[in-house]
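> PDB, C-alpha atoms, saved as structure.pdb, coming up:
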ATOM      1  CA  MET A 296      85.071 108.721 122.562  1.00  0.00           C
ATOM      2  CA  GLU A 297      84.198 107.170 125.882  1.00  0.00           C
ATOM      3  CA  ASN A 298      80.656 106.488 126.927  1.00  0.00           C
ATOM      4  CA  ASN A 299      79.192 109.810 128.105  1.00  0.00           C
ATOM      5  CA  THR A 300      77.666 108.141 131.125  1.00  0.00           C
ATOM      6  CA  LYS A 301      81.123 107.788 132.676  1.00  0.00           C
ATOM      7  CA  THR A 302      81.613 110.312 135.465  1.00  0.00           C
ATOM      8  CA  ILE A 303      85.009 111.676 136.469  1.00  0.00           C
ATOM      9  CA  LEU A 304      85.591 113.463 139.756  1.00  0.00           C
ATOM     10  CA  ILE A 305      88.327 116.117 139.606  1.00  0.00           C
ATOM     11  CA  VAL A 306      89.750 117.094 142.994  1.00  0.00           C
ATOM     12  CA  ASP A 307      92.207 119.990 142.647  1.00  0.00           C
ATOM     13  CA  ASP A 308      92.457 123.414 144.258  1.00  0.00           C
ATOM     14  CA  GLU A 309      93.907 125.092 141.145  1.00  0.00           C
ATOM     15  CA  LYS A 310      90.918 126.455 139.248  1.00  0.00           C
ATOM     16  CA  ASN A 311      92.787 126.895 135.975  1.00  0.00           C
ATOM     17  CA  ILE A 312      93.750 123.211 135.965  1.00  0.00           C
ATOM     18  CA  VAL A 313      90.206 122.168 136.858  1.00  0.00           C
ATOM     19  CA  ASP A 314      88.837 124.322 134.042  1.00  0.00           C
ATOM     20  CA  ILE A 315      91.248 122.862 131.486  1.00  0.00           C
ATOM     21  CA  LEU A 316      90.571 119.284 132.572  1.00  0.00           C
ATOM     22  CA  SER A 317      86.813 119.809 132.718  1.00  0.00           C
ATOM     23  CA  PHE A 318      86.684 121.326 129.231  1.00  0.00           C
ATOM     24  CA  ASN A 319      88.772 118.600 127.611  1.00  0.00           C
ATOM     25  CA  LEU A 320      87.149 115.681 129.408  1.00  0.00           C
ATOM     26  CA  GLN A 321      83.661 116.961 128.659  1.00  0.00           C
ATOM     27  CA  HIS A 322      84.726 117.293 125.033  1.00  0.00           C
ATOM     28  CA  GLU A 323      85.594 113.577 125.171  1.00  0.00           C
ATOM     29  CA  GLY A 324      82.065 112.785 126.372  1.00  0.00           C
ATOM     30  CA  PHE A 325      82.583 112.444 130.128  1.00  0.00           C
ATOM     31  CA  SER A 326      80.419 113.885 132.870  1.00  0.00           C
ATOM     32  CA  ILE A 327      82.397 115.917 135.400  1.00  0.00           C
ATOM     33  CA  LEU A 328      82.223 116.470 139.135  1.00  0.00           C
ATOM     34  CA  VAL A 329      84.527 119.034 140.754  1.00  0.00           C
ATOM     35  CA  ALA A 330      85.899 119.591 144.249  1.00  0.00           C
ATOM     36  CA  TYR A 331      88.457 122.214 145.258  1.00  0.00           C
ATOM     37  CA  ASP A 332      89.493 120.712 148.596  1.00  0.00           C
ATOM     38  CA  GLY A 333      90.071 117.304 150.098  1.00  0.00           C
ATOM     39  CA  LYS A 334      87.008 117.155 152.338  1.00  0.00           C
ATOM     40  CA  GLU A 335      84.615 118.022 149.523  1.00  0.00           C
ATOM     41  CA  GLY A 336      86.406 115.587 147.231  1.00  0.00           C
ATOM     42  CA  LEU A 337      85.983 112.787 149.746  1.00  0.00           C
ATOM     43  CA  ARG A 338      82.293 113.620 150.194  1.00  0.00           C
ATOM     44  CA  LEU A 339      81.642 113.546 146.456  1.00  0.00           C
ATOM     45  CA  ALA A 340      83.641 110.352 146.032  1.00  0.00           C
ATOM     46  CA  LYS A 341      81.482 108.580 148.615  1.00  0.00           C
ATOM     47  CA  GLU A 342      78.101 110.097 147.721  1.00  0.00           C
ATOM     48  CA  GLU A 343      78.284 110.310 143.930  1.00  0.00           C
ATOM     49  CA  ASN A 344      80.233 107.098 143.211  1.00  0.00           C
ATOM     50  CA  PRO A 345      82.207 108.408 140.198  1.00  0.00           C
ATOM     51  CA  ASP A 346      83.737 106.041 137.644  1.00  0.00           C
ATOM     52  CA  LEU A 347      87.230 107.544 138.044  1.00  0.00           C
ATOM     53  CA  ILE A 348      88.904 110.113 140.297  1.00  0.00           C
ATOM     54  CA  LEU A 349      91.639 112.602 139.371  1.00  0.00           C
ATOM     55  CA  LEU A 350      93.104 113.488 142.756  1.00  0.00           C
ATOM     56  CA  ASP A 351      95.649 116.212 143.436  1.00  0.00           C
ATOM     57  CA  VAL A 352      98.135 115.580 146.240  1.00  0.00           C
ATOM     58  CA  MET A 353      98.342 119.102 147.685  1.00  0.00           C
ATOM     59  CA  LEU A 354      94.827 120.077 148.804  1.00  0.00           C
ATOM     60  CA  PRO A 355      93.281 122.295 151.505  1.00  0.00           C
ATOM     61  CA  TYR A 356      91.820 120.679 154.654  1.00  0.00           C
ATOM     62  CA  MET A 357      92.815 117.125 153.707  1.00  0.00           C
ATOM     63  CA  ASP A 358      95.661 116.171 151.373  1.00  0.00           C
ATOM     64  CA  GLY A 359      95.271 113.750 148.480  1.00  0.00           C
ATOM     65  CA  PHE A 360      97.012 110.916 150.290  1.00  0.00           C
ATOM     66  CA  GLU A 361      94.495 111.049 153.127  1.00  0.00           C
ATOM     67  CA  VAL A 362      91.598 111.316 150.688  1.00  0.00           C
ATOM     68  CA  CYS A 363      92.894 108.270 148.811  1.00  0.00           C
ATOM     69  CA  ARG A 364      93.261 106.284 152.045  1.00  0.00           C
ATOM     70  CA  ASN A 365      89.694 107.130 153.092  1.00  0.00           C
ATOM     71  CA  ILE A 366      88.235 106.256 149.700  1.00  0.00           C
ATOM     72  CA  ARG A 367      89.956 102.891 149.712  1.00  0.00           C
ATOM     73  CA  ASP A 368      88.415 102.071 153.094  1.00  0.00           C
ATOM     74  CA  THR A 369      85.023 101.773 151.394  1.00  0.00           C
ATOM     75  CA  ASN A 370      85.698 101.540 147.648  1.00  0.00           C
ATOM     76  CA  LYS A 371      88.472  99.225 146.499  1.00  0.00           C
ATOM     77  CA  LEU A 372      87.797  99.387 142.776  1.00  0.00           C
ATOM     78  CA  VAL A 373      87.262 102.970 141.581  1.00  0.00           C
ATOM     79  CA  PRO A 374      90.369 104.008 139.604  1.00  0.00           C
ATOM     80  CA  ILE A 375      92.313 106.822 141.278  1.00  0.00           C
ATOM     81  CA  ILE A 376      94.904 108.833 139.341  1.00  0.00           C
ATOM     82  CA  MET A 377      97.043 111.051 141.559  1.00  0.00           C
ATOM     83  CA  LEU A 378      98.025 114.461 140.213  1.00  0.00           C
ATOM     84  CA  THR A 379     101.210 115.813 141.731  1.00  0.00           C
ATOM     85  CA  ALA A 380     103.711 118.595 141.218  1.00  0.00           C
ATOM     86  CA  ARG A 381     106.191 116.640 143.322  1.00  0.00           C
ATOM     87  CA  GLU A 382     108.738 114.609 141.407  1.00  0.00           C
ATOM     88  CA  GLU A 383     110.164 112.690 144.338  1.00  0.00           C
ATOM     89  CA  GLU A 384     109.727 108.978 143.679  1.00  0.00           C
ATOM     90  CA  SER A 385     108.883 108.350 147.327  1.00  0.00           C
ATOM     91  CA  ASP A 386     105.719 110.462 147.004  1.00  0.00           C
ATOM     92  CA  LYS A 387     104.626 108.558 143.910  1.00  0.00           C
ATOM     93  CA  VAL A 388     105.205 105.169 145.505  1.00  0.00           C
ATOM     94  CA  PHE A 389     103.493 106.295 148.711  1.00  0.00           C
ATOM     95  CA  GLY A 390     100.351 107.133 146.727  1.00  0.00           C
ATOM     96  CA  LEU A 391     100.412 103.716 145.081  1.00  0.00           C
ATOM     97  CA  GLU A 392     100.838 102.042 148.450  1.00  0.00           C
ATOM     98  CA  LEU A 393      97.709 103.819 149.690  1.00  0.00           C
ATOM     99  CA  GLY A 394      95.726 102.376 146.810  1.00  0.00           C
ATOM    100  CA  ALA A 395      96.109 104.813 143.910  1.00  0.00           C
ATOM    101  CA  ASP A 396      96.158 103.133 140.513  1.00  0.00           C
ATOM    102  CA  ASP A 397      98.261 105.676 138.665  1.00  0.00           C
ATOM    103  CA  TYR A 398      99.945 109.051 138.932  1.00  0.00           C
ATOM    104  CA  ILE A 399     100.849 111.847 136.572  1.00  0.00           C
ATOM    105  CA  VAL A 400     103.241 114.701 137.294  1.00  0.00           C
ATOM    106  CA  LYS A 401     102.378 118.342 136.665  1.00  0.00           C
ATOM    107  CA  PRO A 402     102.787 119.974 134.224  1.00  0.00           C
ATOM    108  CA  PHE A 403     101.293 117.244 132.073  1.00  0.00           C
ATOM    109  CA  SER A 404     100.001 116.870 128.542  1.00  0.00           C
ATOM    110  CA  VAL A 405      96.201 116.838 128.407  1.00  0.00           C
ATOM    111  CA  ARG A 406      96.442 114.220 125.674  1.00  0.00           C
ATOM    112  CA  GLU A 407      98.539 112.001 127.942  1.00  0.00           C
ATOM    113  CA  LEU A 408      96.148 112.452 130.849  1.00  0.00           C
ATOM    114  CA  ILE A 409      93.127 111.545 128.714  1.00  0.00           C
ATOM    115  CA  ALA A 410      94.984 108.446 127.521  1.00  0.00           C
ATOM    116  CA  ARG A 411      95.634 107.462 131.159  1.00  0.00           C
ATOM    117  CA  VAL A 412      91.962 108.060 131.991  1.00  0.00           C
ATOM    118  CA  ARG A 413      90.854 105.817 129.145  1.00  0.00           C
ATOM    119  CA  THR A 414      93.323 103.092 130.093  1.00  0.00           C
ATOM    120  CA  ASN A 415      92.240 103.048 133.723  1.00  0.00           C
ATOM    121  CA  LEU A 416      88.541 103.101 132.831  1.00  0.00           C
ATOM    122  CA  ARG A 417      88.993 100.138 130.511  1.00  0.00           C
ATOM    123  CA  ARG A 418      90.664  98.265 133.340  1.00  0.00           C
ATOM    124  CA  SER A 419      87.790  99.046 135.687  1.00  0.00           C
ATOM    125  CA  THR A 420      85.135  97.433 133.482  1.00  0.00           C
ATOM    126  CA  GLY A 421      84.235  93.784 133.257  1.00  0.00           C
ATOM    127  CA  PHE A 422      83.433  93.048 136.914  1.00  0.00           C
ATOM    128  CA  SER A 423      80.288  91.027 137.445  1.00  0.00           C
ATOM    129  CA  LEU A 424      78.900  88.200 139.480  1.00  0.00           C
ATOM    130  CA  PRO A 425      80.871  84.961 139.203  1.00  0.00           C
ATOM    131  CA  ARG A 426      79.524  82.410 136.746  1.00  0.00           C
ATOM    132  CA  GLU A 427      77.783  79.321 138.055  1.00  0.00           C
ATOM    133  CA  SER A 428      79.690  77.087 135.651  1.00  0.00           C
ATOM    134  CA  GLU A 429      83.368  76.378 136.264  1.00  0.00           C
ATOM    135  CA  GLU A 430      83.994  75.758 132.583  1.00  0.00           C
ATOM    136  CA  ASN A 431      86.275  78.775 132.148  1.00  0.00           C
ATOM    137  CA  LEU A 432      87.843  78.794 135.613  1.00  0.00           C
ATOM    138  CA  VAL A 433      91.550  78.086 135.910  1.00  0.00           C
ATOM    139  CA  ARG A 434      92.221  76.455 139.276  1.00  0.00           C
ATOM    140  CA  VAL A 435      95.611  76.920 140.912  1.00  0.00           C
ATOM    141  CA  GLY A 436      95.789  75.338 144.358  1.00  0.00           C
ATOM    142  CA  LYS A 437      93.302  77.240 146.519  1.00  0.00           C
ATOM    143  CA  LEU A 438      92.890  79.875 143.826  1.00  0.00           C
ATOM    144  CA  ALA A 439      90.581  80.060 140.829  1.00  0.00           C
ATOM    145  CA  VAL A 440      90.868  82.668 138.101  1.00  0.00           C
ATOM    146  CA  ASP A 441      88.101  83.515 135.652  1.00  0.00           C
ATOM    147  CA  GLU A 442      89.572  85.594 132.824  1.00  0.00           C
ATOM    148  CA  ASP A 443      86.215  86.296 131.161  1.00  0.00           C
ATOM    149  CA  LYS A 444      84.741  87.775 134.326  1.00  0.00           C
ATOM    150  CA  MET A 445      88.013  89.247 135.632  1.00  0.00           C
ATOM    151  CA  ALA A 446      87.411  87.469 138.915  1.00  0.00           C
ATOM    152  CA  VAL A 447      89.751  85.752 141.374  1.00  0.00           C
ATOM    153  CA  PHE A 448      88.553  83.273 143.989  1.00  0.00           C
ATOM    154  CA  LYS A 449      90.303  81.855 147.039  1.00  0.00           C
ATOM    155  CA  ASN A 450      88.718  78.828 148.683  1.00  0.00           C
ATOM    156  CA  ASP A 451      85.741  79.487 146.372  1.00  0.00           C
ATOM    157  CA  VAL A 452      85.221  82.965 147.843  1.00  0.00           C
ATOM    158  CA  GLU A 453      85.707  85.913 145.485  1.00  0.00           C
ATOM    159  CA  VAL A 454      88.701  88.090 146.283  1.00  0.00           C
ATOM    160  CA  GLU A 455      88.258  91.782 145.560  1.00  0.00           C
ATOM    161  CA  VAL A 456      91.084  92.748 143.215  1.00  0.00           C
ATOM    162  CA  SER A 457      91.528  95.873 141.131  1.00  0.00           C
ATOM    163  CA  PRO A 458      91.614  95.603 137.329  1.00  0.00           C
ATOM    164  CA  ARG A 459      95.365  96.178 137.359  1.00  0.00           C
ATOM    165  CA  GLU A 460      95.903  93.511 140.004  1.00  0.00           C
ATOM    166  CA  PHE A 461      93.872  91.132 137.867  1.00  0.00           C
ATOM    167  CA  ASP A 462      95.985  91.924 134.801  1.00  0.00           C
ATOM    168  CA  LEU A 463      99.085  91.292 136.890  1.00  0.00           C
ATOM    169  CA  ILE A 464      98.002  87.868 138.141  1.00  0.00           C
ATOM    170  CA  LYS A 465      96.752  86.948 134.657  1.00  0.00           C
ATOM    171  CA  THR A 466     100.127  87.833 133.130  1.00  0.00           C
ATOM    172  CA  LEU A 467     102.079  85.846 135.724  1.00  0.00           C
ATOM    173  CA  LEU A 468      99.701  82.908 135.405  1.00  0.00           C
ATOM    174  CA  SER A 469      99.995  82.858 131.611  1.00  0.00           C
ATOM    175  CA  GLN A 470     103.369  81.071 131.919  1.00  0.00           C
ATOM    176  CA  PRO A 471     103.816  79.486 135.364  1.00  0.00           C
ATOM    177  CA  GLY A 472     107.452  79.184 136.326  1.00  0.00           C
ATOM    178  CA  LYS A 473     108.590  81.859 133.881  1.00  0.00           C
ATOM    179  CA  VAL A 474     110.311  84.830 135.517  1.00  0.00           C
ATOM    180  CA  PHE A 475     108.924  88.167 134.351  1.00  0.00           C
ATOM    181  CA  SER A 476     111.138  91.192 134.847  1.00  0.00           C
ATOM    182  CA  ARG A 477     109.719  94.301 136.489  1.00  0.00           C
ATOM    183  CA  GLU A 478     110.330  96.187 133.254  1.00  0.00           C
ATOM    184  CA  TYR A 479     108.327  93.640 131.260  1.00  0.00           C
ATOM    185  CA  LEU A 480     105.452  93.705 133.745  1.00  0.00           C
ATOM    186  CA  MET A 481     105.482  97.507 133.643  1.00  0.00           C
ATOM    187  CA  THR A 482     105.131  97.435 129.867  1.00  0.00           C
ATOM    188  CA  GLU A 483     102.639  94.574 129.708  1.00  0.00           C
ATOM    189  CA  VAL A 484     100.361  95.530 132.604  1.00  0.00           C
ATOM    190  CA  TRP A 485     100.737  99.308 132.860  1.00  0.00           C
ATOM    191  CA  LYS A 486     100.959  99.646 129.052  1.00  0.00           C
ATOM    192  CA  TYR A 487     103.300 102.628 129.080  1.00  0.00           C
ATOM    193  CA  GLU A 488     106.659 103.754 130.378  1.00  0.00           C
ATOM    194  CA  PHE A 489     106.361 104.555 134.090  1.00  0.00           C
ATOM    195  CA  TYR A 490     109.275 106.976 134.055  1.00  0.00           C
ATOM    196  CA  GLY A 491     111.585 104.158 135.127  1.00  0.00           C
ATOM    197  CA  ASP A 492     109.891 103.742 138.502  1.00  0.00           C
ATOM    198  CA  VAL A 493     109.510  99.968 138.445  1.00  0.00           C
ATOM    199  CA  ARG A 494     108.935  99.997 142.204  1.00  0.00           C
ATOM    200  CA  ALA A 495     105.286 100.435 141.295  1.00  0.00           C
ATOM    201  CA  VAL A 496     105.395  96.755 140.332  1.00  0.00           C
ATOM    202  CA  ASP A 497     106.705  95.840 143.792  1.00  0.00           C
ATOM    203  CA  VAL A 498     103.850  97.776 145.404  1.00  0.00           C
ATOM    204  CA  ALA A 499     101.238  96.018 143.263  1.00  0.00           C
ATOM    205  CA  ILE A 500     102.790  92.591 143.943  1.00  0.00           C
ATOM    206  CA  ARG A 501     102.747  93.227 147.685  1.00  0.00           C
ATOM    207  CA  ARG A 502      99.091  94.287 147.630  1.00  0.00           C
ATOM    208  CA  LEU A 503      98.168  91.262 145.542  1.00  0.00           C
ATOM    209  CA  ARG A 504     100.004  88.875 147.871  1.00  0.00           C
ATOM    210  CA  GLU A 505      98.116  90.307 150.834  1.00  0.00           C
ATOM    211  CA  LYS A 506      94.888  89.267 149.128  1.00  0.00           C
ATOM    212  CA  ILE A 507      95.689  85.809 147.778  1.00  0.00           C
ATOM    213  CA  GLU A 508      98.457  84.346 149.939  1.00  0.00           C
ATOM    214  CA  ASP A 509      97.839  82.630 153.272  1.00  0.00           C
ATOM    215  CA  ASN A 510     101.065  84.211 154.511  1.00  0.00           C
ATOM    216  CA  PRO A 511     102.270  87.096 152.331  1.00  0.00           C
ATOM    217  CA  ALA A 512     105.701  86.920 153.985  1.00  0.00           C
ATOM    218  CA  GLU A 513     106.068  83.334 152.751  1.00  0.00           C
ATOM    219  CA  PRO A 514     104.185  83.297 149.442  1.00  0.00           C
ATOM    220  CA  GLN A 515     103.307  80.077 147.697  1.00  0.00           C
ATOM    221  CA  TYR A 516     101.897  81.510 144.481  1.00  0.00           C
ATOM    222  CA  ILE A 517     103.655  84.734 143.458  1.00  0.00           C
ATOM    223  CA  MET A 518     107.365  84.191 143.958  1.00  0.00           C
ATOM    224  CA  THR A 519     110.349  86.532 143.770  1.00  0.00           C
ATOM    225  CA  LYS A 520     113.473  85.740 141.777  1.00  0.00           C
ATOM    226  CA  ARG A 521     115.990  88.019 143.418  1.00  0.00           C
ATOM    227  CA  GLY A 522     117.481  90.485 140.966  1.00  0.00           C
ATOM    228  CA  ALA A 523     115.329  89.193 138.106  1.00  0.00           C
ATOM    229  CA  GLY A 524     111.616  89.657 138.776  1.00  0.00           C
ATOM    230  CA  TYR A 525     108.533  87.637 139.700  1.00  0.00           C
ATOM    231  CA  TYR A 526     106.969  84.347 138.662  1.00  0.00           C
ATOM    232  CA  PHE A 527     103.939  82.213 139.423  1.00  0.00           C
ATOM    233  CA  ALA A 528     105.009  78.978 141.118  1.00  0.00           C
ATOM    234  CA  ALA A 529     104.568  76.182 138.578  1.00  0.00           C
ATOM    235  CA  GLU A 530     104.137  73.579 141.323  1.00  0.00           C
ATOM    236  CA  SER A 531     101.025  75.397 142.592  1.00  0.00           C
ATOM    237  CA  ARG A 532      99.099  74.412 139.507  1.00  0.00           C
TER     238      ARG A 532
END
Starting from the file, give its structure as structure tokens.

Amino acid sequence: MENNTKTILIVDDEKNIVDILSFNLQHEGFSILVAYDGKEGLRLAKEENPDLILLDVMLPYMDGFEVCRNIRDTNKLVPIIMLTAREEESDKVFGLELGADDYIVKPFSVRELIARVRTNLRRSTGFSLPRESEENLVRVGKLAVDEDKMAVFKNDVEVEVSPREFDLIKTLLSQPGKVFSREYLMTEVWKYEFYGDVRAVDVAIRRLREKIEDNPAEPQYIMTKRGAGYYFAAESR
């Protein structure tokens, strides 16, 4: 059971779904906040600072995509799981591009959703101030990675990365020069089958490059092996 101090914001206009989620998540020890439209969801997300957000796509007043975009303008780290009845891959990838960490398609298993909540909450813990000692820092060119603190630095300035982005760079950095397939990264970093939509990896790689590369269009750290996957440039070490 998760720590009962963790607060989850549910933003969905279907009361029966909200009731089911609220009951089961409270049973798991979570505190619950509820909003039935996008505007109220955005207000609660900004004012109450929840630990995780379950965000429906189709909402009154402001859809989930717009809510997600607005949240990410001020909060880069809170895990956001999109809930959607749409099965088009483009909608799923669009949500990820806006900053969502995960998505689950309705109708879904409550057990699966709780597992996703736990996974994303675990990934969101561990952030703290960088250590003064460099004993456990791995330096790679202009970058420094502290696995214990889940922190990434560029030119000695901390870069704000999500837990999943950190797991991604840590996995690539574990064997510089080795090409990791999208399927392997999906299994290793996402920890479950992503319904075959490995484009989620491409989205995460692009977002990570925008944060750590001097020129994301000509990366020097995270490289692409066309048709095979991604690798961390060995010569950057």
> Pick out the residues sitting within 8 Å of Leu337 (chain A), and hand them over as a list in words; count all atoms listed in the file, and ignore anything fewer than 2 positions along from it in its own chain.
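The residues that qualify are Gly333, Lys334, Glu335, Leu339, Ala340, Lys341, Val362, Asn365 and Ile366 of chain A.
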> What is the distance, in Å and to one decimal place, between CA of Pro374 (chain A) and CA of Glu513 (chain A)?
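Separating CA of Pro374 (chain A) from CA of Glu513 (chain A) is a distance of 29.1 Å.
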> If you measure from CA of Val496 (chain A) to CA of Met481 (chain A), what distance in Å do you get, rounded to one decimal?
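These two atoms are separated by 6.7 Å.
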> From the options A:Asn415, A:Thr379, A:Thr466, A:Thr519, which residue's atoms come nearest to Arg504 (chain A), counting all atoms listed in the file?
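Checking each candidate against Arg504 (chain A), we get A:Thr519 as the closest.
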> Residues at most 10 Å from Ile517 (chain A), counting only C-alpha atoms, excluding those fewer than 6 positions away in the same chain, as a PDB file with C-alpha atoms, keeping the file's coordinate frame?

ATOM      1  CA  ILE A 464      98.002  87.868 138.141  1.00  0.00           C
ATOM      2  CA  LEU A 467     102.079  85.846 135.724  1.00  0.00           C
ATOM      3  CA  LEU A 468      99.701  82.908 135.405  1.00  0.00           C
ATOM      4  CA  PRO A 471     103.816  79.486 135.364  1.00  0.00           C
ATOM      5  CA  GLY A 472     107.452  79.184 136.326  1.00  0.00           C
ATOM      6  CA  ILE A 500     102.790  92.591 143.943  1.00  0.00           C
ATOM      7  CA  ARG A 501     102.747  93.227 147.685  1.00  0.00           C
ATOM      8  CA  LEU A 503      98.168  91.262 145.542  1.00  0.00           C
ATOM      9  CA  ARG A 504     100.004  88.875 147.871  1.00  0.00           C
ATOM     10  CA  ILE A 507      95.689  85.809 147.778  1.00  0.00           C
ATOM     11  CA  GLU A 508      98.457  84.346 149.939  1.00  0.00           C
ATOM     12  CA  PRO A 511     102.270  87.096 152.331  1.00  0.00           C
ATOM     13  CA  TYR A 525     108.533  87.637 139.700  1.00  0.00           C
ATOM     14  CA  TYR A 526     106.969  84.347 138.662  1.00  0.00           C
ATOM     15  CA  PHE A 527     103.939  82.213 139.423  1.00  0.00           C
ATOM     16  CA  ALA A 528     105.009  78.978 141.118  1.00  0.00           C
ATOM     17  CA  ALA A 529     104.568  76.182 138.578  1.00  0.00           C
ATOM     18  CA  SER A 531     101.025  75.397 142.592  1.00  0.00           C
TER      19      SER A 531
END
> In Å, how far is it from CA of His322 (chain A) to CA of Lys387 (chain A)?
28.8 Å
> Considering all atoms listed in the file, state which residue in the set A:Arg417, A:Lys371, A:Arg364, A:Arg502 is at the smallest distance from Lys301 (chain A).
A:Arg417
> Can you give me, as a short mmCIF file (atom, residue, chain, number, x, y, z; two decimals) with C-alpha atoms, keeping the file's coordinate frame, the residues this file yields under the PyMOL selection byres ((chain A and resi 357) around 12)?

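Contents of selection_36.cif, as written:
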data_model
loop_
_atom_site.label_atom_id
_atom_site.label_comp_id
_atom_site.auth_asym_id
_atom_site.auth_seq_id
_atom_site.Cartn_x
_atom_site.Cartn_y
_atom_site.Cartn_z
CA VAL A 306 89.75 117.09 142.99
CA ASP A 307 92.21 119.99 142.65
CA ASP A 308 92.46 123.41 144.26
CA ALA A 330 85.90 119.59 144.25
CA TYR A 331 88.46 122.21 145.26
CA ASP A 332 89.49 120.71 148.60
CA GLY A 333 90.07 117.30 150.10
CA LYS A 334 87.01 117.16 152.34
CA GLU A 335 84.62 118.02 149.52
CA GLY A 336 86.41 115.59 147.23
CA LEU A 337 85.98 112.79 149.75
CA ARG A 338 82.29 113.62 150.19
CA LEU A 350 93.10 113.49 142.76
CA ASP A 351 95.65 116.21 143.44
CA VAL A 352 98.14 115.58 146.24
CA MET A 353 98.34 119.10 147.68
CA LEU A 354 94.83 120.08 148.80
CA PRO A 355 93.28 122.30 151.50
CA TYR A 356 91.82 120.68 154.65
CA ASP A 358 95.66 116.17 151.37
CA GLY A 359 95.27 113.75 148.48
CA PHE A 360 97.01 110.92 150.29
CA GLU A 361 94.50 111.05 153.13
CA VAL A 362 91.60 111.32 150.69
CA CYS A 363 92.89 108.27 148.81
CA ARG A 364 93.26 106.28 152.04
CA ASN A 365 89.69 107.13 153.09
#
> Using all atoms listed in the file, which of the listed residues (A:Asp396, A:Glu323, A:Glu455, A:Asp462) sits closest to Glu505 (chain A)?
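Answer, going by the shortest atom-to-atom distance: A:Glu455.
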> Would you mind telling me which residue in A:Gly436, A:Ile327, A:Lys506, A:Gly522 lies nearest to Val454 (chain A) when using all atoms listed in the file?
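The shortest atom-to-atom distance to Val454 (chain A) comes from A:Lys506.
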> Taking the file as shown, what set of residues would the PyMOL selection byres ((chain A and resi 451) around 8) give back, as a VMD selection string?
chain A and resid 437 to 439 448 to 450 452 to 453
> Could you check the closest approach to Leu480 (chain A) for each of A:Ala499, A:Ile315, A:Leu416, A:Val405 and tell me which residue wins, using only C-alpha atoms?
A:Ala499
> Would you list the contacts of Phe325 (chain A) as a PyMOL selection string, taking every protein, DNA or RNA residue within 12 Å and counting only C-alpha atoms, but skipping same-chain residues closer than 6 positions in sequence?
chain A and resi 296-305+316-319+345-347+409+412-413+416
